[in-house]
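Undergrad: Pasting a structure below so you can have a look.
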Amino acid sequence: MFIANWKMNGSQSMLSDWLEGVGKTLDKSLQKRCLLCPPVCFLSEASNIISKTNLNISLGAQNIDPNSFSSLTGGIDGAMLKSVGSEFVIIGHSERRENFKERDSLLLEKLKSASKNGLKVIFCIGESLEDKEENKTSKVLKQQLQIIKKVELNEFMIAYEPIWAIGSGETANIDYIEKVHKRIIDEVSSYQKEGFMGVSYGGSVDSTSSEDILSIKGVKGLLIGGASLQYQEFCNIVLSNH
Ligand code: PGA
C-alpha cells in the first residue's frame with residue numbers, strides 16, 4: 001500500500017489536480033494500492049471526485065477523536081470520518097504524539113473509536129534518535145505496540161517511522177529497516193490478530209529511495225509525507241515497485 005500523508009498541506013485545487021494526475025498516470029490495479037490521507041476538510045470533496053471520475057483510490061483521515069469524549073469542541077469521531085468517505089485512519093503519528101502529548105491511554109481510545117466505526121487503522125510507531133543511539137529501538141517499539149493487544153481491531157497496518165528519519169531527507173538504511181520490520185512482524189504476529197495487514201515504512205521516502213526500500217523483505221508499503229504532495233513524484237514512487 002502507498003499511503004500519501006499530506007499532513008497540513010493542500011487546497012481544493014491541489015486535490016483535484018492530484019486526483020486527476022494519479023488517475024491518468026496509474027492504472028486501476030495500481031490505484032487500488034493507493035491511500036490518500038488529506039486534511040479532513042478535503043475528504044468529502046475527495047470522495048466526490050473519486051466516485052464521479054471512477055477512480056480506484058482509497059481515502060483515510062489523519063486523526064480521529066475518541067467516541068468517549070461526547071463533548072469535545074472541534075472533535076471528529078469515526079462515524080463522521082466514515083460519512084465523508086474515509087475507510088482508514090492514521091493513529092499514533094509521532095508528530096501528534098509529540099505536539100499534542102498523545103499518550104497510550106488516548107491512543108487506546110482512538111483505536112476503540114476506529115474499531116467501533118469499522119475504520120481500518122494505520123498505527124504509527126517509531127524510535128527517537130536518542131532511543132536509537134542508546135540501543136533502545138526494540139524496547140521502545142515493543143512498548144508502543146502493546147496497546148494493539150488491548151483492542152479488537154478491524155484490519156490494521158503498522159507504519160514503522162523512525163522519528164529521526166521523518167522530514168529529514170535521510171531514510172533509515174536498508175539493513176536497519178529489514179531488521180526492525182522483522183522484529184515488529186514477529187511481535188505483532190504473536191498477538192494473533194486476524195486483521196494484521198503487515199508493516200509499512202515511512203520517513204523521507206521519495207522516488208530515489210522507494211525501489212530499494214520496497215524490495216526489503218517484510219516491507220508491505222510506504223507512508224509518504226513530503227514526497228506525496230506532487231502527484232508525479234507520488235506516482236513515480238508507486239511505479240518504482242516492480
Ligand atoms: P516524510 O513524512 O515522508 O515527509 O518524511 C512521513 C510521515 O511523517 O508520515
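Letters A, B, ... go to the chains of the C-alpha cells in the order shown; residues in each chain start at 1; ligands are counted from 1 in the same order.
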Using only C-alpha atoms and all ligand atoms, determine which residues fall within 9 Å of ligand 1, then list them as a count of residues only.
TA: 32
Undergrad: Can you tell me, as a PyMOL selection string, what residues are no more than 6 Å from Leu119 (chain A) when counting only C-alpha atoms, ignoring any on the same chain fewer than 4 positions away?
TA: chain A and resi 87-88+114-115
Undergrad: In region 18-198 of chain A, what's strand (DSSP E or B) per DSSP? Answer as a ChimeraX atom specification?
TA: /A:34-37,58-61,88-91,120-125,156-160,196-198
Undergrad: May I have the residues within 12 Å of Gly74 (chain A) as a list of chain:residue names, using only C-alpha atoms and disregarding those fewer than 6 positions away in the same chain?
TA: A:Val40, A:Ile64, A:Asp65
Undergrad: Residues of region 7-164 of chain A classed as alpha helix (DSSP H) by DSSP on the backbone are to be reported as a PyMOL selection string.
TA: chain A and resi 12-25+28-31+43-52+78-83+94-99+104-116+129-133+137-145
Undergrad: Extract, using only C-alpha atoms, all DNA, RNA and protein residues at most 12 Å from Ile57 (chain A), discarding same-chain residues fewer than 5 positions from it, and format them as a PyMOL selection string.
TA: chain A and resi 1-4+18-20+22-23+26-37+46-51+85-88
Undergrad: Include N, CA, C and O atoms and write out the residues we just selected as a CSV table (one decimal), in the first residue's frame.
TA:
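Result written to selection-v7.csv:
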```csv
chain,number,residue,atom,x,y,z
A,1,MET,N,0.8,-1.2,0.0
A,1,MET,CA,0.0,0.0,0.0
A,1,MET,C,0.9,1.3,0.0
A,1,MET,O,1.9,1.3,0.7
A,2,PHE,N,0.4,2.2,-0.7
A,2,PHE,CA,1.2,3.5,-0.8
A,2,PHE,C,0.3,4.6,-0.2
A,2,PHE,O,-0.8,4.9,-0.7
A,3,ILE,N,0.7,5.1,1.0
A,3,ILE,CA,-0.1,6.0,1.8
A,3,ILE,C,0.5,7.4,1.6
A,3,ILE,O,1.6,7.7,2.0
A,4,ALA,N,-0.4,8.3,1.0
A,4,ALA,CA,0.0,9.7,0.8
A,4,ALA,C,-0.5,10.5,2.1
A,4,ALA,O,-1.7,10.7,2.2
A,18,TRP,N,-4.3,16.6,-8.2
A,18,TRP,CA,-3.6,15.4,-7.7
A,18,TRP,C,-4.4,14.2,-8.1
A,18,TRP,O,-3.9,13.2,-8.7
A,19,LEU,N,-5.7,14.2,-7.8
A,19,LEU,CA,-6.6,13.0,-8.2
A,19,LEU,C,-6.6,12.8,-9.7
A,19,LEU,O,-6.5,11.6,-10.2
A,20,GLU,N,-6.7,13.9,-10.4
A,20,GLU,CA,-6.7,13.7,-11.9
A,20,GLU,C,-5.4,13.2,-12.4
A,20,GLU,O,-5.4,12.2,-13.2
A,22,VAL,N,-3.1,11.4,-10.7
A,22,VAL,CA,-2.9,10.0,-10.3
A,22,VAL,C,-3.8,9.1,-11.2
A,22,VAL,O,-3.3,8.0,-11.6
A,23,GLY,N,-5.0,9.5,-11.4
A,23,GLY,CA,-5.9,8.8,-12.3
A,23,GLY,C,-5.4,8.5,-13.7
A,23,GLY,O,-5.6,7.5,-14.3
A,26,LEU,N,-1.7,6.2,-13.2
A,26,LEU,CA,-1.7,4.8,-12.7
A,26,LEU,C,-2.9,4.1,-13.2
A,26,LEU,O,-4.0,4.6,-13.1
A,27,ASP,N,-2.7,2.8,-13.6
A,27,ASP,CA,-3.9,2.1,-14.0
A,27,ASP,C,-4.7,1.7,-12.7
A,27,ASP,O,-4.2,1.8,-11.6
A,28,LYS,N,-5.9,1.1,-13.0
A,28,LYS,CA,-6.8,0.8,-11.8
A,28,LYS,C,-6.2,-0.1,-10.8
A,28,LYS,O,-6.4,0.0,-9.6
A,29,SER,N,-5.4,-1.1,-11.3
A,29,SER,CA,-4.8,-2.0,-10.3
A,29,SER,C,-3.8,-1.3,-9.4
A,29,SER,O,-3.6,-1.7,-8.2
A,30,LEU,N,-3.1,-0.4,-9.9
A,30,LEU,CA,-2.1,0.4,-9.1
A,30,LEU,C,-2.8,1.4,-8.2
A,30,LEU,O,-2.5,1.6,-7.0
A,31,GLN,N,-3.9,2.0,-8.8
A,31,GLN,CA,-4.7,2.9,-7.9
A,31,GLN,C,-5.2,2.2,-6.7
A,31,GLN,O,-5.3,2.8,-5.6
A,32,LYS,N,-5.6,1.0,-6.9
A,32,LYS,CA,-6.1,0.2,-5.8
A,32,LYS,C,-5.2,0.1,-4.6
A,32,LYS,O,-5.6,-0.1,-3.4
A,33,ARG,N,-3.9,0.3,-4.8
A,33,ARG,CA,-2.9,0.2,-3.8
A,33,ARG,C,-2.6,1.5,-3.1
A,33,ARG,O,-1.7,1.7,-2.3
A,34,CYS,N,-3.3,2.6,-3.6
A,34,CYS,CA,-3.0,3.9,-3.1
A,34,CYS,C,-4.1,4.4,-2.1
A,34,CYS,O,-5.3,4.2,-2.2
A,35,LEU,N,-3.6,5.0,-1.0
A,35,LEU,CA,-4.5,5.6,0.0
A,35,LEU,C,-4.1,7.0,0.2
A,35,LEU,O,-3.0,7.4,0.6
A,36,LEU,N,-5.0,7.9,0.0
A,36,LEU,CA,-4.8,9.3,0.1
A,36,LEU,C,-5.4,9.8,1.5
A,36,LEU,O,-6.5,9.6,1.8
A,37,CYS,N,-4.5,10.4,2.3
A,37,CYS,CA,-4.9,10.9,3.6
A,37,CYS,C,-4.7,12.5,3.6
A,37,CYS,O,-3.7,13.0,4.0
A,46,ALA,N,-12.8,14.9,-1.9
A,46,ALA,CA,-12.0,13.9,-2.5
A,46,ALA,C,-12.9,12.7,-2.8
A,46,ALA,O,-12.8,12.1,-3.9
A,47,SER,N,-13.8,12.3,-1.9
A,47,SER,CA,-14.7,11.2,-2.1
A,47,SER,C,-15.6,11.4,-3.3
A,47,SER,O,-15.9,10.5,-4.1
A,48,ASN,N,-16.1,12.7,-3.4
A,48,ASN,CA,-17.0,13.0,-4.6
A,48,ASN,C,-16.2,12.9,-5.9
A,48,ASN,O,-16.7,12.3,-6.9
A,49,ILE,N,-15.0,13.4,-5.9
A,49,ILE,CA,-14.2,13.3,-7.2
A,49,ILE,C,-13.9,11.8,-7.5
A,49,ILE,O,-14.0,11.4,-8.7
A,50,ILE,N,-13.5,11.1,-6.5
A,50,ILE,CA,-13.2,9.7,-6.7
A,50,ILE,C,-14.4,8.9,-7.3
A,50,ILE,O,-14.3,8.2,-8.3
A,51,SER,N,-15.6,9.2,-6.8
A,51,SER,CA,-16.7,8.4,-7.4
A,51,SER,C,-17.2,9.0,-8.7
A,51,SER,O,-17.5,8.2,-9.6
A,85,GLY,N,-16.4,9.5,3.5
A,85,GLY,CA,-15.6,8.6,2.6
A,85,GLY,C,-14.4,8.0,3.1
A,85,GLY,O,-13.6,7.3,2.3
A,86,SER,N,-14.1,8.2,4.4
A,86,SER,CA,-12.8,7.6,4.9
A,86,SER,C,-13.0,6.1,5.2
A,86,SER,O,-13.9,5.7,5.9
A,87,GLU,N,-12.0,5.4,4.8
A,87,GLU,CA,-12.0,3.9,5.0
A,87,GLU,C,-11.0,3.6,6.1
A,87,GLU,O,-11.1,2.6,6.8
A,88,PHE,N,-9.9,4.5,6.1
A,88,PHE,CA,-8.8,4.2,7.0
A,88,PHE,C,-8.6,5.5,7.9
A,88,PHE,O,-9.1,6.5,7.7
```
Undergrad: Which residue gives the smallest distance to Lys139 (chain A) among A:Lys110, A:Arg97, A:Lys120, A:Arg183, with only C-alpha atoms counted?
TA: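 Answer, going by the shortest atom-to-atom distance: A:Arg183.
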Undergrad: Select, from A:Gln230, A:Ser105, A:Asn67, A:Asn135, the residue with the minimum atom-to-atom distance to Asp17 (chain A), counting only C-alpha atoms.
TA: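 Closest residue, counting only C-alpha atoms: A:Gln230.
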Undergrad: Could you name the residues that touch Ile148 (chain A) at 9 Å or less, counting only C-alpha atoms, but leaving out those on the same chain fewer than 5 positions away, as a PyMOL selection string?
TA: chain A and resi 108+111+123+153+188+191
Undergrad: Pick out the residues sitting within 8 Å of Asn9 (chain A), and hand them over as a list in words; count only C-alpha atoms, and ignore anything fewer than 6 positions along from it in its own chain.
TA: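 The filter keeps Pro38, Pro39 and Leu229 of chain A.
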Undergrad: Considering only C-alpha atoms, state which residue in the set A:Leu72, A:Leu214, A:Val121, A:Met14 is at the smallest distance from Leu59 (chain A).
TA: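 Checking each candidate against Leu59 (chain A), we get A:Val121 as the closest.
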Undergrad: Write out as a list of chain:residue names which residues come within 6 Å of Thr137 (chain A) when counting only C-alpha atoms, dropping same-chain ones fewer than 4 positions away.
TA: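 The residues satisfying every condition are A:Glu127, A:Asp131, A:Lys132.
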Undergrad: Which of these residues is nearest to Ala172 (chain A), using only C-alpha atoms: A:Gln192, A:Ser210, A:Ser70, A:Ser83?
TA: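 Under the stated criterion, the closest residue is A:Ser210.
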Undergrad: Which residue is closest to Ile177 (chain A)? Choose from A:Gly126, A:Gly21, A:Pro66, A:Gly60 and count only C-alpha atoms.
TA: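 Of the candidates, the smallest distance to Ile177 (chain A) is held by A:Gly126.
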Undergrad: For a test of reading the model, state the distance in Å between CA of Gln12 (chain A) and CA of Cys41 (chain A), rounded to one decimal.
TA: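 CA of Cys41 (chain A) lies at a distance of 9.5 Å from CA of Gln12 (chain A).
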Undergrad: Rounded to one decimal in Å, what is the spacing between CA of Val180 (chain A) and CA of Gln62 (chain A)?
TA: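 We find that CA of Val180 (chain A) and CA of Gln62 (chain A) lie 24.1 Å from each other.
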Undergrad: Looking at A:Ile158, A:Leu106, A:Ile174, A:Ile125, which one is nearest to Ser68 (chain A), with distances taken over only C-alpha atoms?
TA: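 Comparing A:Ile158, A:Leu106, A:Ile174, A:Ile125 against Ser68 (chain A), the winner is A:Leu106.
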